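Raw target_38.cif, mmCIF, C-alpha atoms and all ligand atoms:
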data_work
loop_
_atom_site.label_atom_id
_atom_site.label_comp_id
_atom_site.auth_asym_id
_atom_site.auth_seq_id
_atom_site.Cartn_x
_atom_site.Cartn_y
_atom_site.Cartn_z
CA MET A 16 -25.06 -2.61 4.84
CA SER A 17 -26.32 -5.42 7.06
CA THR A 18 -26.35 -4.79 10.79
CA VAL A 19 -26.44 -8.51 11.65
CA GLU A 20 -23.13 -9.70 13.09
CA PRO A 21 -21.46 -12.06 10.62
CA ASN A 22 -21.25 -15.71 11.67
CA LEU A 23 -19.88 -17.53 8.64
CA LEU A 24 -18.10 -20.73 7.86
CA LEU A 25 -15.80 -20.24 4.88
CA ALA A 26 -15.68 -23.77 3.57
CA HIS A 27 -13.55 -25.77 1.15
CA CYS A 28 -10.47 -23.64 0.64
CA THR A 29 -6.69 -23.83 0.94
CA VAL A 30 -5.49 -21.34 3.53
CA LEU A 31 -2.20 -19.61 2.77
CA ASP A 32 -0.25 -16.96 4.57
CA ALA A 33 3.35 -15.98 5.13
CA ARG A 34 4.22 -16.57 8.78
CA VAL A 35 7.90 -16.02 8.07
CA VAL A 36 9.52 -14.41 5.05
CA ASP A 37 10.23 -17.60 3.14
CA GLY A 38 7.92 -20.03 4.86
CA VAL A 39 4.30 -20.61 3.97
CA ASN A 40 2.40 -23.55 5.41
CA PRO A 41 -0.68 -24.20 3.31
CA ILE A 42 -3.69 -25.77 5.04
CA PRO A 43 -5.47 -27.78 2.34
CA ASP A 44 -9.17 -28.71 2.52
CA ALA A 45 -9.60 -26.07 5.20
CA ALA A 46 -12.32 -23.90 6.63
CA VAL A 47 -12.29 -20.56 8.41
CA TRP A 48 -14.95 -19.64 10.93
CA VAL A 49 -15.65 -15.91 11.04
CA ARG A 50 -17.65 -14.54 13.93
CA GLY A 51 -18.22 -10.81 14.12
CA ASP A 52 -15.31 -9.07 12.42
CA ARG A 53 -12.70 -11.64 13.46
CA ILE A 54 -11.47 -15.15 12.77
CA ALA A 55 -12.78 -17.61 15.37
CA ALA A 56 -11.19 -20.80 14.02
CA VAL A 57 -8.94 -21.98 11.16
CA GLY A 58 -8.09 -25.57 10.28
CA PRO A 59 -9.25 -28.76 8.59
CA TYR A 60 -12.83 -28.44 7.34
CA ALA A 61 -14.38 -31.20 9.44
CA GLU A 62 -12.96 -29.88 12.73
CA VAL A 63 -13.75 -26.23 12.16
CA ALA A 64 -17.23 -26.96 10.81
CA LYS A 65 -18.08 -29.00 13.91
CA GLU A 66 -16.76 -26.34 16.28
CA ALA A 67 -18.70 -23.60 14.47
CA ARG A 68 -21.96 -25.57 14.30
CA ASP A 69 -21.73 -26.59 17.95
CA ALA A 70 -21.51 -22.90 18.83
CA GLY A 71 -24.78 -22.06 17.05
CA ALA A 72 -26.20 -21.38 13.62
CA VAL A 73 -23.69 -20.46 10.94
CA ARG A 74 -24.08 -19.65 7.28
CA GLU A 75 -21.75 -21.71 5.13
CA VAL A 76 -19.99 -19.94 2.28
CA ASP A 77 -18.55 -22.49 -0.13
CA LEU A 78 -15.28 -21.19 -1.55
CA ASP A 79 -15.17 -24.15 -3.90
CA GLY A 80 -11.51 -25.05 -3.61
CA ALA A 81 -10.20 -21.47 -3.75
CA TYR A 82 -6.90 -20.30 -2.27
CA LEU A 83 -7.55 -18.01 0.69
CA THR A 84 -4.95 -15.41 1.73
CA PRO A 85 -4.96 -12.28 3.88
CA GLY A 86 -6.09 -9.17 1.99
CA LEU A 87 -3.31 -7.27 0.23
CA ALA A 88 -1.74 -4.17 1.78
CA ASN A 89 -0.59 -1.45 -0.64
CA MET A 90 1.97 0.81 1.06
CA HIS A 91 2.23 3.58 -1.52
CA THR A 92 -1.11 4.93 -2.66
CA HIS A 93 -2.61 8.26 -3.66
CA PHE A 94 -6.38 8.37 -4.14
CA SER A 95 -6.09 12.02 -5.23
CA LEU A 96 -3.07 11.63 -7.52
CA SER A 97 -2.67 14.33 -10.18
CA LEU A 98 0.34 13.95 -12.44
CA PRO A 99 1.30 16.67 -14.93
CA GLY A 100 -1.00 16.47 -17.97
CA ALA A 101 -4.70 16.62 -18.85
CA GLY A 102 -5.79 13.64 -16.72
CA GLY A 103 -4.07 15.07 -13.65
CA ASP A 104 -5.47 18.55 -14.30
CA ASP A 105 -9.01 17.12 -14.11
CA VAL A 106 -8.30 15.93 -10.57
CA LYS A 107 -6.36 19.05 -9.55
CA THR A 108 -9.24 21.37 -10.49
CA MET A 109 -11.92 19.42 -8.62
CA GLY A 110 -13.72 21.20 -5.82
CA PRO A 111 -13.78 19.56 -2.39
CA HIS A 112 -17.09 17.72 -2.93
CA ASP A 113 -16.09 16.27 -6.27
CA LEU A 114 -12.72 15.27 -4.87
CA ALA A 115 -14.31 13.44 -1.92
CA TYR A 116 -16.56 11.38 -4.22
CA TYR A 117 -13.68 10.71 -6.60
CA MET A 118 -11.53 9.41 -3.76
CA ALA A 119 -14.38 7.34 -2.31
CA ASP A 120 -14.89 5.72 -5.69
CA GLY A 121 -11.19 4.86 -5.82
CA ALA A 122 -11.32 3.41 -2.32
CA ARG A 123 -14.25 1.13 -3.23
CA ARG A 124 -12.53 -0.08 -6.40
CA THR A 125 -9.36 -0.71 -4.38
CA LEU A 126 -11.16 -2.92 -1.86
CA HIS A 127 -12.76 -4.86 -4.71
CA CYS A 128 -9.24 -5.59 -6.05
CA GLY A 129 -8.53 -7.43 -2.79
CA VAL A 130 -6.59 -4.60 -1.13
CA THR A 131 -7.86 -4.38 2.44
CA THR A 132 -5.16 -2.05 3.82
CA VAL A 133 -3.53 1.01 2.24
CA ARG A 134 -0.92 3.48 3.32
CA CYS A 135 -1.63 6.89 1.73
CA VAL A 136 1.53 8.92 1.28
CA ALA A 137 0.23 12.37 0.17
CA GLU A 138 -3.43 13.21 -0.33
CA LYS A 139 -5.08 16.51 -1.18
CA ASP A 140 -6.69 18.91 1.28
CA HIS A 141 -6.98 16.38 4.12
CA ALA A 142 -9.82 14.67 2.26
CA ASP A 143 -8.09 11.40 3.23
CA PHE A 144 -9.05 11.94 6.87
CA ALA A 145 -12.71 12.38 5.90
CA LEU A 146 -12.48 9.25 3.72
CA ARG A 147 -10.90 7.27 6.56
CA ARG A 148 -13.72 8.35 8.90
CA ALA A 149 -16.42 7.51 6.35
CA ILE A 150 -15.00 4.02 5.76
CA ALA A 151 -14.54 3.33 9.47
CA ALA A 152 -18.14 4.40 10.11
CA GLY A 153 -19.47 2.23 7.28
CA ARG A 154 -20.66 5.21 5.20
CA ALA A 155 -18.23 4.38 2.39
CA GLN A 156 -16.62 1.16 1.20
CA GLY A 157 -12.86 0.92 1.11
CA PRO A 158 -9.71 -0.51 2.66
CA ARG A 159 -8.41 0.33 6.12
CA ILE A 160 -6.51 3.58 5.64
CA HIS A 161 -3.24 4.62 7.25
CA THR A 162 -2.38 8.06 6.02
CA ALA A 163 0.34 10.69 6.16
CA GLY A 164 -2.04 13.51 5.25
CA ARG A 165 -0.09 16.04 3.21
CA ALA A 166 3.53 15.22 2.42
CA LEU A 167 6.13 17.69 3.67
CA VAL A 168 8.32 19.41 1.06
CA CYS A 169 10.68 22.35 0.96
CA THR A 170 9.51 25.44 -0.89
CA GLY A 171 9.37 24.50 -4.55
CA GLY A 172 10.24 20.89 -3.67
CA HIS A 173 8.96 17.65 -5.16
CA GLY A 174 5.19 17.78 -5.56
CA HIS A 175 4.78 21.37 -4.34
CA GLU A 176 2.43 22.11 -7.26
CA SER A 177 -0.63 20.65 -5.60
CA SER A 178 -2.46 20.53 -2.29
CA ASP A 179 -1.30 17.03 -1.36
CA THR A 180 1.94 18.57 -0.10
CA LEU A 181 2.78 21.22 2.48
CA GLU A 182 5.76 23.53 1.94
CA CYS A 183 8.00 23.95 4.98
CA ASP A 184 11.44 25.54 5.43
CA GLY A 185 14.03 25.31 8.17
CA PRO A 186 13.87 23.01 11.20
CA VAL A 187 11.19 25.12 12.87
CA GLY A 188 9.07 25.01 9.72
CA PHE A 189 9.41 21.25 9.38
CA ARG A 190 8.61 20.66 13.05
CA HIS A 191 5.45 22.66 12.57
CA GLY A 192 4.71 20.66 9.42
CA VAL A 193 4.92 17.35 11.29
CA ARG A 194 2.78 18.62 14.15
CA SER A 195 0.15 20.04 11.82
CA GLN A 196 -0.32 16.68 10.08
CA ILE A 197 -0.47 14.79 13.37
CA LYS A 198 -3.02 17.33 14.61
CA ALA A 199 -5.14 16.59 11.54
CA GLY A 200 -4.93 12.85 12.24
CA ALA A 201 -1.83 11.55 10.45
CA ASP A 202 -0.77 7.98 11.25
CA LEU A 203 2.70 8.52 9.79
CA ILE A 204 4.74 11.30 8.15
CA LYS A 205 5.82 11.49 4.52
CA VAL A 206 8.63 13.80 3.49
CA MET A 207 10.16 14.49 0.09
CA ILE A 208 13.95 14.52 0.53
CA SER A 209 15.01 14.54 -3.11
CA GLY A 210 13.69 15.41 -6.54
CA GLY A 211 11.64 12.93 -8.50
CA ILE A 212 10.08 12.06 -11.78
CA ALA A 213 7.15 14.44 -11.73
CA GLY A 214 8.93 17.74 -10.97
CA GLU A 215 9.77 19.91 -13.96
CA HIS A 216 12.44 22.06 -12.28
CA GLU A 217 14.34 19.32 -10.48
CA ARG A 218 16.25 16.14 -11.20
CA ILE A 219 15.76 12.79 -9.50
CA ASN A 220 19.07 13.35 -7.71
CA THR A 221 18.42 16.91 -6.47
CA PRO A 222 18.83 16.93 -2.64
CA GLN A 223 15.95 18.94 -1.15
CA LEU A 224 16.28 19.03 2.63
CA PHE A 225 19.16 20.16 4.79
CA THR A 226 20.31 17.79 7.52
CA ASP A 227 18.82 19.92 10.29
CA GLU A 228 15.45 19.95 8.50
CA LEU A 229 15.25 16.17 8.13
CA ALA A 230 16.52 15.68 11.68
CA ALA A 231 13.71 17.97 12.89
CA VAL A 232 11.13 15.88 10.99
CA LEU A 233 12.40 12.59 12.40
CA GLU A 234 12.80 13.81 15.96
CA THR A 235 9.34 15.38 16.09
CA ALA A 236 7.53 12.49 14.40
CA HIS A 237 9.25 9.85 16.52
CA ALA A 238 8.52 11.78 19.72
CA TRP A 239 4.83 11.52 18.79
CA GLY A 240 5.14 7.83 17.94
CA ARG A 241 4.84 8.26 14.18
CA LYS A 242 7.10 6.59 11.63
CA VAL A 243 8.56 8.58 8.76
CA THR A 244 8.83 7.54 5.15
CA ALA A 245 10.69 9.53 2.53
CA HIS A 246 10.36 9.95 -1.19
CA ALA A 247 13.97 9.56 -2.23
CA GLY A 248 16.06 8.71 -5.26
CA PRO A 249 19.81 9.18 -4.92
CA ALA A 250 22.10 7.04 -2.76
CA GLU A 251 23.85 9.91 -0.93
CA VAL A 252 20.59 11.49 0.19
CA ILE A 253 19.16 8.12 1.27
CA GLY A 254 22.37 7.11 3.02
CA ALA A 255 22.36 10.26 5.14
CA ALA A 256 18.67 9.88 5.97
CA VAL A 257 19.13 6.24 7.05
CA GLU A 258 21.87 7.35 9.47
CA LEU A 259 19.45 9.91 10.94
CA GLY A 260 16.86 7.18 11.62
CA LEU A 261 14.50 7.16 8.61
CA ASP A 262 11.96 4.29 8.79
CA CYS A 263 11.21 3.69 5.12
CA VAL A 264 12.38 4.69 1.64
CA GLU A 265 9.99 5.19 -1.29
CA HIS A 266 11.27 4.43 -4.82
CA GLY A 267 15.03 4.30 -4.12
CA TYR A 268 15.86 4.82 -7.81
CA GLN A 269 19.64 4.97 -7.43
CA LEU A 270 20.68 2.77 -4.49
CA THR A 271 24.22 1.44 -4.00
CA PRO A 272 25.53 -1.69 -2.21
CA GLN A 273 26.81 0.50 0.66
CA VAL A 274 23.45 2.16 1.23
CA VAL A 275 21.39 -1.04 1.02
CA ALA A 276 23.76 -2.69 3.52
CA ARG A 277 23.06 0.11 5.99
CA MET A 278 19.31 -0.07 5.32
CA ALA A 279 19.38 -3.79 6.11
CA GLU A 280 21.34 -3.19 9.33
CA GLN A 281 19.08 -0.36 10.48
CA GLY A 282 15.84 -2.10 9.50
CA THR A 283 14.89 0.62 7.01
CA ALA A 284 12.22 -0.75 4.65
CA LEU A 285 12.02 -0.11 0.90
CA VAL A 286 8.81 0.39 -1.07
CA PRO A 287 10.29 0.22 -4.56
CA THR A 288 7.19 1.25 -6.59
CA LEU A 289 8.68 -0.45 -9.66
CA LEU A 290 5.67 0.53 -11.78
CA VAL A 291 6.51 4.23 -11.86
CA THR A 292 9.45 3.70 -14.20
CA ARG A 293 7.64 1.23 -16.50
CA CYS A 294 4.10 2.53 -16.97
CA LYS A 295 4.07 4.26 -20.38
CA GLU A 296 0.52 3.02 -21.05
CA PHE A 297 -0.69 4.75 -17.85
CA PHE A 298 1.19 7.97 -18.67
CA ASP A 299 -0.24 8.03 -22.19
CA GLU A 300 -3.74 7.54 -20.82
CA LEU A 301 -3.32 10.62 -18.58
CA GLY A 302 -1.59 12.76 -21.22
CA VAL A 303 1.62 12.98 -19.19
CA PRO A 304 4.10 15.26 -21.01
CA GLU A 305 7.09 13.97 -22.92
CA TRP A 306 9.77 15.32 -20.52
CA MET A 307 8.31 13.39 -17.60
CA GLN A 308 7.85 10.19 -19.57
CA CYS A 309 11.48 10.35 -20.73
CA ARG A 310 12.74 10.84 -17.20
CA SER A 311 10.55 8.10 -15.80
CA LEU A 312 11.11 5.39 -18.36
CA GLY A 313 14.80 6.33 -18.62
CA ALA A 314 15.25 5.66 -14.90
CA GLY A 315 13.80 2.15 -15.25
CA PRO A 316 16.91 -0.04 -15.64
CA ARG A 317 18.79 1.64 -12.76
CA HIS A 318 15.66 1.44 -10.61
CA LEU A 319 15.42 -2.32 -11.15
CA GLU A 320 19.12 -2.71 -10.36
CA SER A 321 18.56 -0.80 -7.08
CA PHE A 322 15.69 -3.09 -6.16
CA ALA A 323 17.81 -6.18 -6.83
CA MET A 324 20.62 -4.79 -4.64
CA ALA A 325 18.19 -4.17 -1.79
CA VAL A 326 16.74 -7.67 -2.01
CA ASP A 327 20.18 -9.26 -2.12
CA ALA A 328 21.27 -7.24 0.94
CA GLY A 329 18.23 -8.43 2.92
CA VAL A 330 16.33 -5.12 3.02
CA GLU A 331 12.63 -5.57 3.83
CA VAL A 332 10.79 -4.79 0.58
CA LEU A 333 7.09 -3.94 0.63
CA LEU A 334 4.32 -3.70 -1.96
CA GLY A 335 3.40 -0.18 -3.10
CA SER A 336 2.05 0.83 -6.49
CA ASP A 337 2.20 4.67 -6.45
CA MET A 338 -0.29 4.46 -9.34
CA PRO A 339 -3.88 4.42 -7.99
CA PRO A 340 -4.08 0.90 -6.52
CA PHE A 341 -7.14 -0.17 -8.54
CA TRP A 342 -6.03 1.29 -11.88
CA HIS A 343 -6.48 -1.12 -14.75
CA PHE A 344 -3.01 -1.74 -16.10
CA GLU A 345 -1.43 -4.44 -18.27
CA GLY A 346 -4.37 -6.78 -17.93
CA THR A 347 -4.86 -6.46 -14.17
CA ASN A 348 -4.82 -3.74 -11.50
CA ALA A 349 -1.76 -1.68 -10.50
CA THR A 350 -1.40 -3.40 -7.11
CA VAL A 351 -1.19 -6.89 -8.57
CA ARG A 352 1.03 -5.75 -11.45
CA GLU A 353 3.51 -4.22 -8.99
CA LEU A 354 3.57 -7.42 -6.96
CA GLU A 355 4.21 -9.43 -10.14
CA TYR A 356 7.21 -7.20 -10.97
CA MET A 357 8.54 -7.69 -7.44
CA ALA A 358 8.01 -11.45 -7.66
CA GLU A 359 10.22 -11.65 -10.75
CA ARG A 360 13.09 -11.03 -8.32
CA ILE A 361 11.87 -12.39 -4.98
CA GLY A 362 9.57 -15.26 -6.02
CA PRO A 363 5.93 -15.88 -5.09
CA ALA A 364 6.37 -16.81 -1.40
CA ARG A 365 8.27 -13.64 -0.55
CA ALA A 366 5.89 -11.65 -2.73
CA LEU A 367 3.00 -12.91 -0.60
CA HIS A 368 4.90 -11.67 2.46
CA ALA A 369 5.72 -8.31 0.79
CA GLY A 370 2.04 -7.80 0.02
CA THR A 371 0.52 -8.91 3.32
CA ARG A 372 2.44 -9.52 6.52
CA GLY A 373 5.45 -7.29 5.80
CA PRO A 374 3.42 -4.07 5.37
CA VAL A 375 1.22 -4.87 8.34
CA ARG A 376 4.30 -5.23 10.54
CA TRP A 377 5.68 -1.90 9.35
CA LEU A 378 2.33 -0.31 10.18
CA GLY A 379 2.43 -1.82 13.67
CA VAL A 380 -0.90 -3.65 13.32
CA GLU A 381 0.35 -7.23 13.15
CA GLU A 382 -1.79 -8.19 16.14
CA ASP A 383 -4.88 -7.59 14.02
CA ARG A 384 -3.91 -8.29 10.42
CA GLY A 385 -1.50 -9.92 7.98
CA THR A 386 -2.13 -13.64 8.55
CA VAL A 387 -5.12 -15.99 8.70
CA GLU A 388 -5.06 -16.65 12.45
CA VAL A 389 -7.56 -16.96 15.25
CA GLY A 390 -8.27 -13.57 16.82
CA LYS A 391 -7.25 -11.51 13.80
CA LEU A 392 -9.59 -9.40 11.72
CA ALA A 393 -11.25 -11.35 8.90
CA ASP A 394 -9.67 -9.41 6.03
CA LEU A 395 -9.46 -12.22 3.47
CA ILE A 396 -9.39 -12.75 -0.27
CA ALA A 397 -9.96 -15.81 -2.47
CA MET A 398 -8.72 -16.81 -5.92
CA ASP A 399 -8.76 -20.02 -7.96
CA GLU A 400 -5.07 -20.27 -8.83
CA ASP A 401 -2.27 -20.84 -6.33
CA PRO A 402 -0.36 -17.60 -5.52
CA LEU A 403 2.60 -19.68 -4.32
CA ALA A 404 2.94 -21.15 -7.80
CA ALA A 405 2.68 -17.73 -9.50
CA THR A 406 1.93 -14.24 -8.18
CA SER A 407 -0.32 -13.70 -11.21
CA ALA A 408 -2.89 -15.81 -9.28
CA PHE A 409 -3.90 -12.49 -7.65
CA ARG A 410 -5.24 -11.42 -11.05
CA GLY A 411 -8.02 -13.88 -10.36
CA VAL A 412 -9.21 -12.53 -6.99
CA ARG A 413 -12.97 -13.22 -7.11
CA TRP A 414 -14.04 -12.86 -3.47
CA VAL A 415 -13.10 -10.22 -0.89
CA MET A 416 -13.97 -9.99 2.79
CA LYS A 417 -13.16 -7.09 5.10
CA GLY A 418 -13.85 -7.31 8.81
CA GLY A 419 -16.13 -10.32 8.37
CA ARG A 420 -18.28 -8.71 5.67
CA ILE A 421 -18.18 -9.91 2.09
CA ALA A 422 -17.30 -6.94 -0.14
CA ARG A 423 -17.10 -8.87 -3.41
CA ASP A 424 -18.33 -12.26 -4.57
CA ASP A 425 -18.25 -12.79 -8.30
CA ARG A 426 -20.33 -15.96 -8.06
CA THR A 427 -23.37 -14.38 -6.47
CA GLU A 428 -23.43 -10.85 -7.81
CA THR A 429 -23.46 -9.24 -11.19
CA ALA A 430 -20.73 -6.66 -11.74
ZN ZN A 501 3.88 8.62 -4.74
#
Re-express the file's structure as structure tokens.
Amino acid sequence: MSTVEPNLLLAHCTVLDARVVDGVNPIPDAAVWVRGDRIAAVGPYAEVAKEARDAGAVREVDLDGAYLTPGLANMHTHFSLSLPGAGGDDVKTMGPHDLAYYMADGARRTLHCGVTTVRCVAEKDHADFALRRAIAAGRAQGPRIHTAGRALVCTGGHGHESSDTLECDGPVGFRHGVRSQIKAGADLIKVMISGGIAGEHERINTPQLFTDELAAVLETAHAWGRKVTAHAGPAEVIGAAVELGLDCVEHGYQLTPQVVARMAEQGTALVPTLLVTRCKEFFDELGVPEWMQCRSLGAGPRHLESFAMAVDAGVEVLLGSDMPPFWHFEGTNATVRELEYMAERIGPARALHAGTRGPVRWLGVEEDRGTVEVGKLADLIAMDEDPLAATSAFRGVRWVMKGGRIARDDRTETA
């Protein structure tokens, strides 16, 4: 990795970002000046080029008419995911050293897909904290990581089978669970409040926490300045959690108009993870057993209906794949495929928001990321098609920059 501070002029591109949910103002024939890890100027090529050259020597990187957007942010990732089945067992039985390399490989692939920010919502053995340190120190390549550490579950609850969860019981137990993850370095807290697709002894609509347990999680996390997101399926469980002050819902398989109305009022976000109920090809690849496939794919139509309800009610919806973000799936990677499914309902402009600025706002890092603006970190991606015409343009990401350093450039490097 070069130690020279970047000083680059990204030339000949159309700059796009979502300043407001439905409003994108493209800057055609633009340039972006990147100095150090941040954006120093954005605007028409001639102006920005002059400003940059007047300030000293710059290297010009010709983007050749590409569309330039902020890097994508994937809000539901697991680099150490192990679903039931042979593929998952391979990951589950890894020792700590193998697991660390496996996760680092996933992080590098993820960055190369154009994902510059991830939110990890259950990772094994606190290896995510080591990965986050390694990436921040430049010892490993990957996106900026916000992580929950291990997800909190009740004894025998959703995901208890592996070391990416921590079993807790009672309000005292859950308070300790929250504190233990924050002590390890958690940026947020993830809690499983209902059953799910991957649990053999539960249903999607099994409630798993008592009110005093969830209240203890929320109160403790919020006191420490951490947001809480919950794996949740059924409307009653989600409705009660929203009233208690939950910050984000994962999946939301069985939402109702009443619950989405309250989510919109309270500002509770939804990460729908639409892929998890329509990814038979992925399940087959991992040898996922029949019972889980039936439950997953069977929940698909209701899941999509829930997502539509949330969008119509004005709930903030955010990109999250659940599948490993880089996984090759239906001709692209899981992150882009998820965004395409979301765009079928919300359209390309809102999809751009849901994959960039929306997540960054939830994470509380909007000052630094999410748009192509002076002073922000240079986390940028380029593609030849227009993502405002079709979200599938992200399939063609061919250039990735994180913090002013080029992580991928298909025109200068061999794969
Ligand atoms: Zn998940």
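Distances from A:Val136, A:Ala247, A:Leu96, A:Ala145 to Tyr116 of chain A were compared using all atoms listed in the file, and the smallest one belongs to A:Ala145.
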| message | Can you pull out the residues contacting Val389 of chain A? Cut-off 6 Å, using all atoms listed in the file, and skip same-chain residues under 2 positions away; I want them as number ranges by chain. | response | A: 54-56, 391
Dump of C-alpha atoms for the selected residues, as a tab-separated table (two decimals), in the coordinates of the input:
chain	number	residue	atom	x	y	z
A	54	ILE	CA	-11.47	-15.15	12.77
A	55	ALA	CA	-12.78	-17.61	15.37
A	56	ALA	CA	-11.19	-20.80	14.02
A	391	LYS	CA	-7.25	-11.51	13.80
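Each of A:Thr221, A:Ala230, A:Leu24, A:His343 was checked against Glu251 of chain A using all atoms listed in the file; the smallest atom-to-atom distance is that of A:Thr221.
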| said: My list of candidates is A:Val232, A:Val291, A:Ala364, A:Ala325. Which is closest to ligand ZN 501 (chain A) when distances are computed with all atoms listed in the file? | reply: A:Val291
| Test item: residues at most 10 Å from Ala142 of chain A, all atoms listed in the file, excluding those fewer than 4 positions along its chain, as a VMD selection string | chain A and resid 94 to 95 111 to 112 114 to 116 118 to 119 138 146 to 148 164 to 165 179
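Excluding Pro158 of chain A and any residue on its chain fewer than 2 positions from it, the residues at most 7 Å away by only C-alpha atoms are Ala122, Leu126, Val130, Thr131, Thr132, Val133 and Ile160 of chain A.
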Set out as CSV a contact list for segment 254-371 of chain A and segment 39-45 of chain A with a cut-off of 12 Å, giving each residue of segment 254-371 of chain A that qualifies its closest atom pair and distance in Å to one decimal, counting all atoms listed in the file, ordered by chain and rising residue number.
residue,atom,partner,partner_atom,distance
A:Pro363,CA,A:Val39,CA,10.3
A:Ala364,CA,A:Val39,CA,6.9
A:Arg365,CA,A:Val39,CA,9.2
A:Ala366,CA,A:Val39,CA,11.3
A:Leu367,CA,A:Val39,CA,9.0
A:His368,CA,A:Val39,CA,9.1
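Closest approach to ligand ZN 501 (chain A) from the set A:Met90, A:Ala250, A:Ala155, A:Met109 is made by A:Met90, with distances taken over only C-alpha atoms and all ligand atoms.
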Give one line per residue of chain A that approaches ligand ZN 501 (chain A) to at most 9 Å, naming the two atoms of the closest pair and their distance in Å to one decimal, counting all atoms listed in the file; sort by chain then ascending residue number and deliver it as JSON lines.
{"residue": "A:His91", "atom": "CA", "partner": "A:ZN501", "partner_atom": "ZN", "distance": 6.2}
{"residue": "A:Thr92", "atom": "CA", "partner": "A:ZN501", "partner_atom": "ZN", "distance": 6.5}
{"residue": "A:His93", "atom": "CA", "partner": "A:ZN501", "partner_atom": "ZN", "distance": 6.6}
{"residue": "A:Leu96", "atom": "CA", "partner": "A:ZN501", "partner_atom": "ZN", "distance": 8.1}
{"residue": "A:Cys135", "atom": "CA", "partner": "A:ZN501", "partner_atom": "ZN", "distance": 8.7}
{"residue": "A:Val136", "atom": "CA", "partner": "A:ZN501", "partner_atom": "ZN", "distance": 6.5}
{"residue": "A:Ala137", "atom": "CA", "partner": "A:ZN501", "partner_atom": "ZN", "distance": 7.2}
{"residue": "A:His246", "atom": "CA", "partner": "A:ZN501", "partner_atom": "ZN", "distance": 7.5}
{"residue": "A:Glu265", "atom": "CA", "partner": "A:ZN501", "partner_atom": "ZN", "distance": 7.8}
{"residue": "A:His266", "atom": "CA", "partner": "A:ZN501", "partner_atom": "ZN", "distance": 8.5}
{"residue": "A:Thr288", "atom": "CA", "partner": "A:ZN501", "partner_atom": "ZN", "distance": 8.3}
{"residue": "A:Val291", "atom": "CA", "partner": "A:ZN501", "partner_atom": "ZN", "distance": 8.8}
{"residue": "A:Gly335", "atom": "CA", "partner": "A:ZN501", "partner_atom": "ZN", "distance": 9.0}
{"residue": "A:Ser336", "atom": "CA", "partner": "A:ZN501", "partner_atom": "ZN", "distance": 8.2}
{"residue": "A:Asp337", "atom": "CA", "partner": "A:ZN501", "partner_atom": "ZN", "distance": 4.6}
{"residue": "A:Met338", "atom": "CA", "partner": "A:ZN501", "partner_atom": "ZN", "distance": 7.5}
Export of prior selection with C-alpha atoms as a CSV table (one decimal), in the coordinates of the input:
chain,number,residue,atom,x,y,z
A,91,HIS,CA,2.2,3.6,-1.5
A,92,THR,CA,-1.1,4.9,-2.7
A,93,HIS,CA,-2.6,8.3,-3.7
A,96,LEU,CA,-3.1,11.6,-7.5
A,135,CYS,CA,-1.6,6.9,1.7
A,136,VAL,CA,1.5,8.9,1.3
A,137,ALA,CA,0.2,12.4,0.2
A,246,HIS,CA,10.4,10.0,-1.2
A,265,GLU,CA,10.0,5.2,-1.3
A,266,HIS,CA,11.3,4.4,-4.8
A,288,THR,CA,7.2,1.2,-6.6
A,291,VAL,CA,6.5,4.2,-11.9
A,335,GLY,CA,3.4,-0.2,-3.1
A,336,SER,CA,2.0,0.8,-6.5
A,337,ASP,CA,2.2,4.7,-6.4
A,338,MET,CA,-0.3,4.5,-9.3
If the box runs along x, y and z of the file and leaves 3 Å on each side of segment 307-316 of chain A, what are its centre and edge lengths in Å, one decimal, as lines of an AutoDock Vina configuration file?
center_x = 12.4
center_y = 6.7
center_z = -17.8
size_x = 15.1
size_y = 19.4
size_z = 11.8
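As for atom CA of Leu333 of chain A and atom CA of Tyr82 of chain A, they are spaced 21.7 Å apart.
Coordinates place atom CA of Arg53 of chain A at a distance of 18.0 Å from atom CA of Asp69 of chain A.
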| query | Can you tell me, as JSON, numbers by chain, what residues are no more than 9 Å from Cys128 of chain A when counting only C-alpha atoms, ignoring any on the same chain fewer than 6 positions away? | reply | {"A": [87, 340, 341, 348, 350, 351, 409, 410, 412, 413, 415, 423]}
File of the preceding selection, C-alpha atoms, as a PDB file, keeping the file's coordinate frame:
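Below is the file that was written, result-v2.pdb:
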ATOM      1  CA  LEU A  87      -3.310  -7.270   0.230  1.00  0.00           C
ATOM      2  CA  PRO A 340      -4.080   0.900  -6.520  1.00  0.00           C
ATOM      3  CA  PHE A 341      -7.140  -0.170  -8.540  1.00  0.00           C
ATOM      4  CA  ASN A 348      -4.820  -3.740 -11.500  1.00  0.00           C
ATOM      5  CA  THR A 350      -1.400  -3.400  -7.110  1.00  0.00           C
ATOM      6  CA  VAL A 351      -1.190  -6.890  -8.570  1.00  0.00           C
ATOM      7  CA  PHE A 409      -3.900 -12.490  -7.650  1.00  0.00           C
ATOM      8  CA  ARG A 410      -5.240 -11.420 -11.050  1.00  0.00           C
ATOM      9  CA  VAL A 412      -9.210 -12.530  -6.990  1.00  0.00           C
ATOM     10  CA  ARG A 413     -12.970 -13.220  -7.110  1.00  0.00           C
ATOM     11  CA  VAL A 415     -13.100 -10.220  -0.890  1.00  0.00           C
ATOM     12  CA  ARG A 423     -17.100  -8.870  -3.410  1.00  0.00           C
TER      13      ARG A 423
END
| field | Cut-off 8 Å around (16.0, 11.9, -0.3) with only C-alpha atoms: residues as a PyMOL selection string | value | chain A and resi 207-210+222-224+245-249+252-253+256
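Taking atom CA of Gly419 of chain A and atom CA of Glu353 of chain A as endpoints, the distance between them is 26.9 Å.
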| said: From the options A:Pro186, A:Gly200, A:Gly315, A:Gly211, which residue's atoms come nearest to Phe225 of chain A, counting all atoms listed in the file? | reply: A:Pro186
